[in-house]
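Novice: I'd like to ask you about the structure that follows.
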Amino acid sequence: MRVACIGECMVELSEQPDGSLARGFGGDTLNTALYLARLGVAVDYVTALGDDVWSDEMAAAWGREGIGLGEVRRLPGRMPGLYIIRTDPAGERSFHYWRDQAAARDLFAEPGTAGTRAALAAYDLVYLSGISLSLYGETGRAALFETLGALRARGGRVAFDTNYRPRGWPVWEVAQAAFREALAQADLIFASVEDLDWLFGTEGEDAVLRHRGRAEIVLKTSLGSAPVVRVLHGTSDSVVPAGPVARVVDTTAAGDSFAAGYLAARLAGLDPEAAAARAHRLAGAVIGYRGAVIPRDAMPDLDLPGSRT
């Protein structure tokens with residue numbers, strides 16, 4: 001099984017309680033790739049980096065995590081983006097970005113895009129997010145969607161996480177059109193009610209549920225005040241609640257790690273409900289630490305078939 005995650009990794013500065021900044025690297029689909037690798041999935045990250053020292057450090061860090069680097073393009077004279085995470089007393093995070101000239105935005109721009117597109121079309125599973133869509137512009141998104149269509153035509157699958165960030169979409173109607181196309185291409189959809197309300201208003205859930213039966217859907221919502229996911233596959237429609245969490249320090253990468261836990265469990269042969277329970281377990285551990293990436297020794301045992309993690 002050849003798995004790829006598409007997107008952007010940035011330099012991450014996480015504000016500490018004393019006002020100092022801790023530096024790391026993060027990005028939504030990169031976080032998912034990292035947790036997939038830690039869970040024993042062979043995964044490549046597909047992006048563009050510069051030829052600067054931070055790009056070098058990023059690639060080296062990914063390699064140490066076991067992420068495949070064969071489809072990372074290096075663009076001379078370019079650099080990655082940067083973002084700062086702030087968290088409130090409840091652990092809820094906010095992001096502040098400097099990324100307009102980031103190398104990742106030119107992944108589907110010439111020269112070199114033909115090789116990237118051919119490589120992507122050969123994977124068995126490609127995972128991307130709404131943030132991935134916001135990077136490329138109209139021409140880049142058209143190339144991406146055409147590539148995903150070629151992948152699906154040869155039997156590959158697409159997993160899409162809505163992960164909508166309004167600041168990445170100056171024109172709301174452009175965002176709506178891009179997300180509708182991505183949802184139509186996806187065989188597995190991760191969506192949140194919050195994202196869908198922002199994107200589609202009162203028709204938000206319908207924009208996803210119309211793909212029920214064709215696609216497997218994991219819808220993040222709530223039951224009263226408790227977070228749950230609604231899992232729809234085939235004719236089944238079930239609710240899987242999140243278990244109790246010992247502490248909430250920083251919700252960064254909660255959704256990214258959930259997606260990784262779910263995908264790893266499904267690839268290991270577990271059914272969707274069991275996969276959602278494992279995904280909750282991983283996300284619950286991740287939000288107990290600051291930043292997107294938790295220490296290796298803090299990884300929970302998800303009891304996946306054939307895995308030691």
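Residues are referred to by chain and number: the chain letter is A, B, ... according to the order shown in the structure tokens, the number counts from 1 in that chain, and ligands are numbered separately from 1 in the order shown.
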Would you list the contacts of Arg212 (chain A) as a list of chain:residue names, taking every protein, DNA or RNA residue within 9 Å and counting only C-alpha atoms, but skipping same-chain residues closer than 6 positions in sequence?

Specialist: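 Residues near the query, excluding close chain neighbours: A:Leu232, A:His233, A:Gly234, A:Thr235.
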
Novice: Could you check which of A:Leu282, A:Ala114, A:Leu144, A:Ile84 is closest to Val11 (chain A), using only C-alpha atoms?

Specialist: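 Nearest candidate to Val11 (chain A) out of A:Leu282, A:Ala114, A:Leu144, A:Ile84: A:Ile84.
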
Novice: Using CA of Ile85 (chain A) and CA of Glu15 (chain A) as the two end points, give the distance in Å to one decimal.

Specialist: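 One can read the CA of Ile85 (chain A) to CA of Glu15 (chain A) distance as 6.1 Å.
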
Novice: Please extract the residues of region 73-254 of chain A with a backbone DSSP assignment of strand (DSSP E or B) and present them as a PyMOL selection string.

Specialist: chain A and resi 73-74+82-87+93-98+125-129+157-161+188-192+212+215-223+226-233+236-241

Novice: Using only C-alpha atoms, determine which residues lie at most 12 Å from region 203-208 of chain A, disregarding the query and same-chain residues fewer than 3 positions distant; provide the list as a CSV table (one decimal) with all heavy atoms, in the first residue's frame.

Specialist:
```
chain,number,residue,atom,x,y,z
A,160,PHE,N,-10.0,13.0,2.0
A,160,PHE,CA,-10.0,14.5,2.1
A,160,PHE,C,-10.5,14.9,3.4
A,160,PHE,O,-11.6,14.4,3.9
A,160,PHE,CB,-10.9,15.0,1.0
A,160,PHE,CG,-11.1,16.5,1.0
A,160,PHE,CD1,-10.0,17.4,0.9
A,160,PHE,CD2,-12.3,17.1,1.2
A,160,PHE,CE1,-10.2,18.8,0.9
A,160,PHE,CE2,-12.5,18.4,1.3
A,160,PHE,CZ,-11.4,19.3,1.1
A,161,ASP,N,-9.8,15.8,4.1
A,161,ASP,CA,-10.2,16.4,5.3
A,161,ASP,C,-10.6,17.8,5.1
A,161,ASP,O,-9.7,18.6,4.6
A,161,ASP,CB,-9.0,16.3,6.3
A,161,ASP,CG,-9.5,16.7,7.8
A,161,ASP,OD1,-10.4,17.5,7.9
A,161,ASP,OD2,-8.9,16.1,8.7
A,162,THR,N,-11.8,18.3,5.4
A,162,THR,CA,-12.2,19.6,5.1
A,162,THR,C,-11.3,20.7,5.6
A,162,THR,O,-10.9,21.6,4.9
A,162,THR,CB,-13.7,19.9,5.5
A,162,THR,OG1,-13.8,19.5,6.9
A,162,THR,CG2,-14.6,19.0,4.7
A,176,GLN,N,-16.0,27.5,-1.9
A,176,GLN,CA,-17.1,26.6,-2.0
A,176,GLN,C,-16.9,25.6,-3.2
A,176,GLN,O,-17.1,24.4,-3.1
A,176,GLN,CB,-18.4,27.3,-2.2
A,176,GLN,CG,-18.9,28.0,-0.9
A,176,GLN,CD,-20.3,28.6,-1.1
A,176,GLN,OE1,-20.5,29.3,-2.1
A,176,GLN,NE2,-21.2,28.4,-0.2
A,177,ALA,N,-16.5,26.2,-4.4
A,177,ALA,CA,-16.4,25.4,-5.6
A,177,ALA,C,-15.3,24.4,-5.4
A,177,ALA,O,-15.4,23.2,-5.8
A,177,ALA,CB,-16.1,26.3,-6.8
A,179,PHE,N,-14.1,23.1,-2.6
A,179,PHE,CA,-14.4,22.0,-1.7
A,179,PHE,C,-15.5,21.1,-2.3
A,179,PHE,O,-15.4,19.9,-2.0
A,179,PHE,CB,-15.0,22.7,-0.4
A,179,PHE,CG,-13.9,23.0,0.6
A,179,PHE,CD1,-13.1,24.2,0.4
A,179,PHE,CD2,-13.6,22.3,1.7
A,179,PHE,CE1,-12.1,24.5,1.3
A,179,PHE,CE2,-12.6,22.6,2.6
A,179,PHE,CZ,-11.8,23.7,2.4
A,180,ARG,N,-16.4,21.6,-3.0
A,180,ARG,CA,-17.4,20.7,-3.7
A,180,ARG,C,-16.7,19.7,-4.6
A,180,ARG,O,-17.0,18.5,-4.6
A,180,ARG,CB,-18.4,21.5,-4.4
A,180,ARG,CG,-19.4,22.3,-3.6
A,180,ARG,CD,-20.5,22.8,-4.4
A,180,ARG,NE,-21.3,23.8,-3.6
A,180,ARG,CZ,-22.3,23.5,-2.7
A,180,ARG,NH1,-22.5,22.2,-2.5
A,180,ARG,NH2,-22.9,24.4,-2.1
A,181,GLU,N,-15.7,20.2,-5.3
A,181,GLU,CA,-14.9,19.3,-6.2
A,181,GLU,C,-14.1,18.3,-5.5
A,181,GLU,O,-14.1,17.1,-5.8
A,181,GLU,CB,-14.0,20.1,-7.1
A,181,GLU,CG,-13.1,19.3,-8.0
A,181,GLU,CD,-13.8,18.6,-9.1
A,181,GLU,OE1,-15.0,19.0,-9.4
A,181,GLU,OE2,-13.3,17.6,-9.7
A,182,ALA,N,-13.5,18.7,-4.4
A,182,ALA,CA,-12.7,17.8,-3.5
A,182,ALA,C,-13.6,16.7,-2.9
A,182,ALA,O,-13.3,15.5,-2.9
A,182,ALA,CB,-11.9,18.5,-2.5
A,183,LEU,N,-14.8,17.1,-2.4
A,183,LEU,CA,-15.7,16.2,-1.8
A,183,LEU,C,-16.2,15.2,-2.9
A,183,LEU,O,-16.3,14.0,-2.6
A,183,LEU,CB,-16.9,16.9,-1.2
A,183,LEU,CG,-16.6,17.8,0.0
A,183,LEU,CD1,-17.8,18.6,0.3
A,183,LEU,CD2,-16.3,16.9,1.2
A,184,ALA,N,-16.4,15.6,-4.1
A,184,ALA,CA,-16.8,14.7,-5.2
A,184,ALA,C,-15.7,13.7,-5.6
A,184,ALA,O,-16.0,12.6,-6.0
A,184,ALA,CB,-17.3,15.5,-6.4
A,185,GLN,N,-14.5,14.1,-5.4
A,185,GLN,CA,-13.3,13.2,-5.7
A,185,GLN,C,-13.0,12.2,-4.6
A,185,GLN,O,-12.3,11.2,-4.8
A,185,GLN,CB,-12.1,14.1,-6.0
A,185,GLN,CG,-12.2,14.9,-7.2
A,185,GLN,CD,-11.4,14.4,-8.4
A,185,GLN,OE1,-11.0,13.2,-8.4
A,185,GLN,NE2,-11.1,15.2,-9.4
A,186,ALA,N,-13.4,12.5,-3.4
A,186,ALA,CA,-13.0,11.8,-2.2
A,186,ALA,C,-13.7,10.5,-2.0
A,186,ALA,O,-14.9,10.4,-2.1
A,186,ALA,CB,-13.1,12.6,-0.9
A,187,ASP,N,-12.9,9.4,-1.7
A,187,ASP,CA,-13.5,8.1,-1.3
A,187,ASP,C,-13.7,8.0,0.2
A,187,ASP,O,-14.5,7.2,0.7
A,187,ASP,CB,-12.6,7.0,-1.8
A,187,ASP,CG,-12.4,7.1,-3.3
A,187,ASP,OD1,-13.3,6.7,-4.0
A,187,ASP,OD2,-11.3,7.5,-3.7
A,188,LEU,N,-12.9,8.8,0.9
A,188,LEU,CA,-13.1,8.9,2.4
A,188,LEU,C,-13.0,10.4,2.8
A,188,LEU,O,-12.1,11.1,2.4
A,188,LEU,CB,-11.9,8.2,3.1
A,188,LEU,CG,-11.7,8.3,4.6
A,188,LEU,CD1,-13.0,8.0,5.3
A,188,LEU,CD2,-10.5,7.5,5.1
A,189,ILE,N,-14.1,10.8,3.5
A,189,ILE,CA,-14.2,12.2,3.8
A,189,ILE,C,-14.2,12.4,5.3
A,189,ILE,O,-14.9,11.8,6.1
A,189,ILE,CB,-15.5,12.8,3.3
A,189,ILE,CG1,-15.6,12.7,1.8
A,189,ILE,CG2,-15.8,14.2,3.8
A,189,ILE,CD1,-17.0,13.0,1.2
A,190,PHE,N,-13.2,13.2,5.8
A,190,PHE,CA,-13.2,13.7,7.2
A,190,PHE,C,-13.8,15.1,7.2
A,190,PHE,O,-13.2,16.0,6.5
A,190,PHE,CB,-11.8,13.8,7.8
A,190,PHE,CG,-11.1,12.4,7.9
A,190,PHE,CD1,-10.2,12.0,6.9
A,190,PHE,CD2,-11.4,11.6,8.9
A,190,PHE,CE1,-9.6,10.8,7.0
A,190,PHE,CE2,-10.7,10.4,9.0
A,190,PHE,CZ,-9.8,10.0,8.0
A,191,ALA,N,-14.8,15.4,7.9
A,191,ALA,CA,-15.4,16.7,7.9
A,191,ALA,C,-15.9,17.1,9.3
A,191,ALA,O,-16.2,16.2,10.1
A,191,ALA,CB,-16.6,16.8,6.9
A,192,SER,N,-15.9,18.4,9.6
A,192,SER,CA,-16.5,18.8,10.9
A,192,SER,C,-17.7,19.7,10.6
A,192,SER,O,-17.7,20.4,9.6
A,192,SER,CB,-15.4,19.6,11.6
A,192,SER,OG,-15.2,20.9,11.1
A,193,VAL,N,-18.7,19.7,11.5
A,193,VAL,CA,-19.9,20.5,11.3
A,193,VAL,C,-19.5,22.0,11.3
A,193,VAL,O,-20.1,22.7,10.5
A,193,VAL,CB,-20.9,20.2,12.4
A,193,VAL,CG1,-22.0,21.2,12.5
A,193,VAL,CG2,-21.4,18.8,12.3
A,194,GLU,N,-18.5,22.3,12.1
A,194,GLU,CA,-18.0,23.7,12.1
A,194,GLU,C,-17.5,24.2,10.7
A,194,GLU,O,-17.9,25.2,10.2
A,194,GLU,CB,-16.9,23.9,13.1
A,194,GLU,CG,-16.4,25.3,13.3
A,194,GLU,CD,-15.3,25.5,14.3
A,194,GLU,OE1,-14.6,24.5,14.5
A,194,GLU,OE2,-15.3,26.5,14.9
A,195,ASP,N,-16.7,23.4,10.1
A,195,ASP,CA,-16.2,23.7,8.7
A,195,ASP,C,-17.3,23.8,7.8
A,195,ASP,O,-17.3,24.7,6.9
A,195,ASP,CB,-15.2,22.6,8.2
A,195,ASP,CG,-13.9,22.6,8.9
A,195,ASP,OD1,-13.5,23.6,9.5
A,195,ASP,OD2,-13.1,21.6,8.8
A,196,LEU,N,-18.2,22.9,7.8
A,196,LEU,CA,-19.3,22.9,6.8
A,196,LEU,C,-20.3,24.0,7.0
A,196,LEU,O,-20.8,24.6,6.0
A,196,LEU,CB,-20.1,21.5,6.9
A,196,LEU,CG,-19.3,20.3,6.7
A,196,LEU,CD1,-20.1,19.0,6.9
A,196,LEU,CD2,-18.7,20.3,5.2
A,197,ASP,N,-20.5,24.5,8.3
A,197,ASP,CA,-21.3,25.6,8.5
A,197,ASP,C,-20.7,26.9,7.9
A,197,ASP,O,-21.3,27.7,7.3
A,197,ASP,CB,-21.6,25.8,10.0
A,197,ASP,CG,-22.5,24.8,10.6
A,197,ASP,OD1,-23.2,24.1,9.8
A,197,ASP,OD2,-22.6,24.7,11.8
A,198,TRP,N,-19.4,27.0,8.1
A,198,TRP,CA,-18.6,28.2,7.6
A,198,TRP,C,-18.7,28.2,6.0
A,198,TRP,O,-18.9,29.2,5.4
A,198,TRP,CB,-17.2,28.2,8.0
A,198,TRP,CG,-16.9,28.6,9.4
A,198,TRP,CD1,-17.7,29.5,10.1
A,198,TRP,CD2,-15.8,28.4,10.2
A,198,TRP,NE1,-17.1,29.7,11.4
A,198,TRP,CE2,-15.9,29.0,11.4
A,198,TRP,CE3,-14.6,27.6,10.0
A,198,TRP,CZ2,-15.0,29.0,12.4
A,198,TRP,CZ3,-13.6,27.6,11.0
A,198,TRP,CH2,-13.8,28.2,12.2
A,199,LEU,N,-18.6,27.0,5.5
A,199,LEU,CA,-18.5,26.9,4.0
A,199,LEU,C,-19.8,27.0,3.3
A,199,LEU,O,-19.9,27.7,2.3
A,199,LEU,CB,-17.8,25.6,3.6
A,199,LEU,CG,-16.3,25.5,3.5
A,199,LEU,CD1,-15.9,24.1,3.5
A,199,LEU,CD2,-15.8,26.3,2.3
A,200,PHE,N,-20.8,26.3,3.8
A,200,PHE,CA,-22.0,26.1,3.1
A,200,PHE,C,-23.3,26.6,3.8
A,200,PHE,O,-24.4,26.4,3.3
A,200,PHE,CB,-22.2,24.7,2.7
A,200,PHE,CG,-21.1,24.1,1.9
A,200,PHE,CD1,-20.2,23.1,2.4
A,200,PHE,CD2,-20.8,24.6,0.6
A,200,PHE,CE1,-19.2,22.6,1.7
A,200,PHE,CE2,-19.7,24.1,-0.1
A,200,PHE,CZ,-18.9,23.1,0.4
A,211,HIS,N,-22.9,12.5,-0.5
A,211,HIS,CA,-21.9,11.5,-1.0
A,211,HIS,C,-22.0,10.2,-0.2
A,211,HIS,O,-21.2,9.3,-0.4
A,211,HIS,CB,-20.5,12.1,-0.9
A,211,HIS,CG,-20.3,13.3,-1.7
A,211,HIS,ND1,-20.2,13.3,-3.1
A,211,HIS,CD2,-20.2,14.6,-1.4
A,211,HIS,CE1,-20.1,14.5,-3.6
A,211,HIS,NE2,-20.1,15.3,-2.6
A,212,ARG,N,-23.0,10.1,0.7
A,212,ARG,CA,-23.1,8.9,1.5
A,212,ARG,C,-23.4,7.7,0.6
A,212,ARG,O,-24.2,7.8,-0.4
A,212,ARG,CB,-24.3,9.1,2.5
A,212,ARG,CG,-24.6,7.9,3.3
A,212,ARG,CD,-25.8,8.1,4.2
A,212,ARG,NE,-26.0,7.0,5.1
A,212,ARG,CZ,-27.0,7.0,6.0
A,212,ARG,NH1,-27.8,8.0,6.2
A,212,ARG,NH2,-27.2,5.9,6.7
A,213,GLY,N,-22.8,6.6,0.9
A,213,GLY,CA,-23.0,5.4,0.0
A,213,GLY,C,-21.8,5.3,-1.0
A,213,GLY,O,-21.3,4.2,-1.2
A,214,ARG,N,-21.5,6.4,-1.6
A,214,ARG,CA,-20.4,6.4,-2.5
A,214,ARG,C,-19.1,6.5,-1.8
A,214,ARG,O,-18.1,5.9,-2.1
A,214,ARG,CB,-20.5,7.6,-3.5
A,214,ARG,CG,-19.4,7.7,-4.5
A,214,ARG,CD,-19.3,9.1,-5.2
A,214,ARG,NE,-19.0,10.1,-4.3
A,214,ARG,CZ,-17.8,10.4,-3.8
A,214,ARG,NH1,-16.8,9.6,-4.2
A,214,ARG,NH2,-17.6,11.4,-3.0
A,215,ALA,N,-19.1,7.4,-0.7
A,215,ALA,CA,-17.8,7.6,0.1
A,215,ALA,C,-18.1,7.2,1.5
A,215,ALA,O,-19.2,7.3,2.0
A,215,ALA,CB,-17.5,9.1,0.0
A,216,GLU,N,-17.0,6.9,2.2
A,216,GLU,CA,-17.0,6.7,3.6
A,216,GLU,C,-16.8,8.1,4.3
A,216,GLU,O,-16.0,8.8,3.9
A,216,GLU,CB,-15.8,5.8,4.0
A,216,GLU,CG,-15.8,5.4,5.5
A,216,GLU,CD,-14.6,4.3,5.7
A,216,GLU,OE1,-14.5,3.4,4.8
A,216,GLU,OE2,-13.9,4.5,6.7
A,217,ILE,N,-17.7,8.4,5.2
A,217,ILE,CA,-17.7,9.7,5.8
A,217,ILE,C,-17.5,9.6,7.3
A,217,ILE,O,-18.2,8.8,8.0
A,217,ILE,CB,-19.1,10.4,5.5
A,217,ILE,CG1,-19.3,10.5,4.0
A,217,ILE,CG2,-19.2,11.8,6.2
A,217,ILE,CD1,-20.7,11.0,3.6
A,218,VAL,N,-16.6,10.5,7.8
A,218,VAL,CA,-16.4,10.6,9.3
A,218,VAL,C,-16.7,12.1,9.6
A,218,VAL,O,-15.9,13.0,9.2
A,218,VAL,CB,-15.0,10.3,9.7
A,218,VAL,CG1,-14.8,10.4,11.2
A,218,VAL,CG2,-14.6,8.9,9.2
A,219,LEU,N,-17.8,12.3,10.2
A,219,LEU,CA,-18.3,13.7,10.5
A,219,LEU,C,-18.1,14.0,12.0
A,219,LEU,O,-18.7,13.4,12.9
A,219,LEU,CB,-19.8,13.8,10.1
A,219,LEU,CG,-20.5,15.1,10.3
A,219,LEU,CD1,-19.8,16.2,9.3
A,219,LEU,CD2,-22.0,15.0,9.9
A,220,LYS,N,-17.3,15.0,12.2
A,220,LYS,CA,-17.0,15.4,13.6
A,220,LYS,C,-18.1,16.4,14.0
A,220,LYS,O,-18.4,17.4,13.4
A,220,LYS,CB,-15.7,16.1,13.7
A,220,LYS,CG,-14.5,15.2,13.2
A,220,LYS,CD,-13.2,16.0,13.0
A,220,LYS,CE,-12.2,15.2,12.2
A,220,LYS,NZ,-11.0,16.0,11.9
A,221,THR,N,-18.8,16.1,15.2
A,221,THR,CA,-19.9,16.9,15.6
A,221,THR,C,-19.9,16.8,17.2
A,221,THR,O,-18.9,16.5,17.8
A,221,THR,CB,-21.2,16.4,15.0
A,221,THR,OG1,-22.3,17.2,15.4
A,221,THR,CG2,-21.5,14.9,15.3
A,230,ARG,N,-19.7,11.0,13.8
A,230,ARG,CA,-20.7,10.2,13.1
A,230,ARG,C,-20.0,9.5,12.0
A,230,ARG,O,-19.4,10.2,11.1
A,230,ARG,CB,-21.8,11.1,12.7
A,230,ARG,CG,-23.0,10.4,12.0
A,230,ARG,CD,-24.0,11.4,11.6
A,230,ARG,NE,-25.1,10.8,10.8
A,230,ARG,CZ,-26.0,11.5,10.1
A,230,ARG,NH1,-25.9,12.9,10.1
A,230,ARG,NH2,-26.9,10.9,9.4
A,232,LEU,N,-20.3,7.1,8.7
A,232,LEU,CA,-21.3,6.6,7.7
A,232,LEU,C,-20.5,5.8,6.7
A,232,LEU,O,-19.6,6.4,6.0
A,232,LEU,CB,-22.0,7.7,7.1
A,232,LEU,CG,-22.9,8.7,8.0
A,232,LEU,CD1,-22.1,9.9,8.3
A,232,LEU,CD2,-24.2,9.0,7.3
```
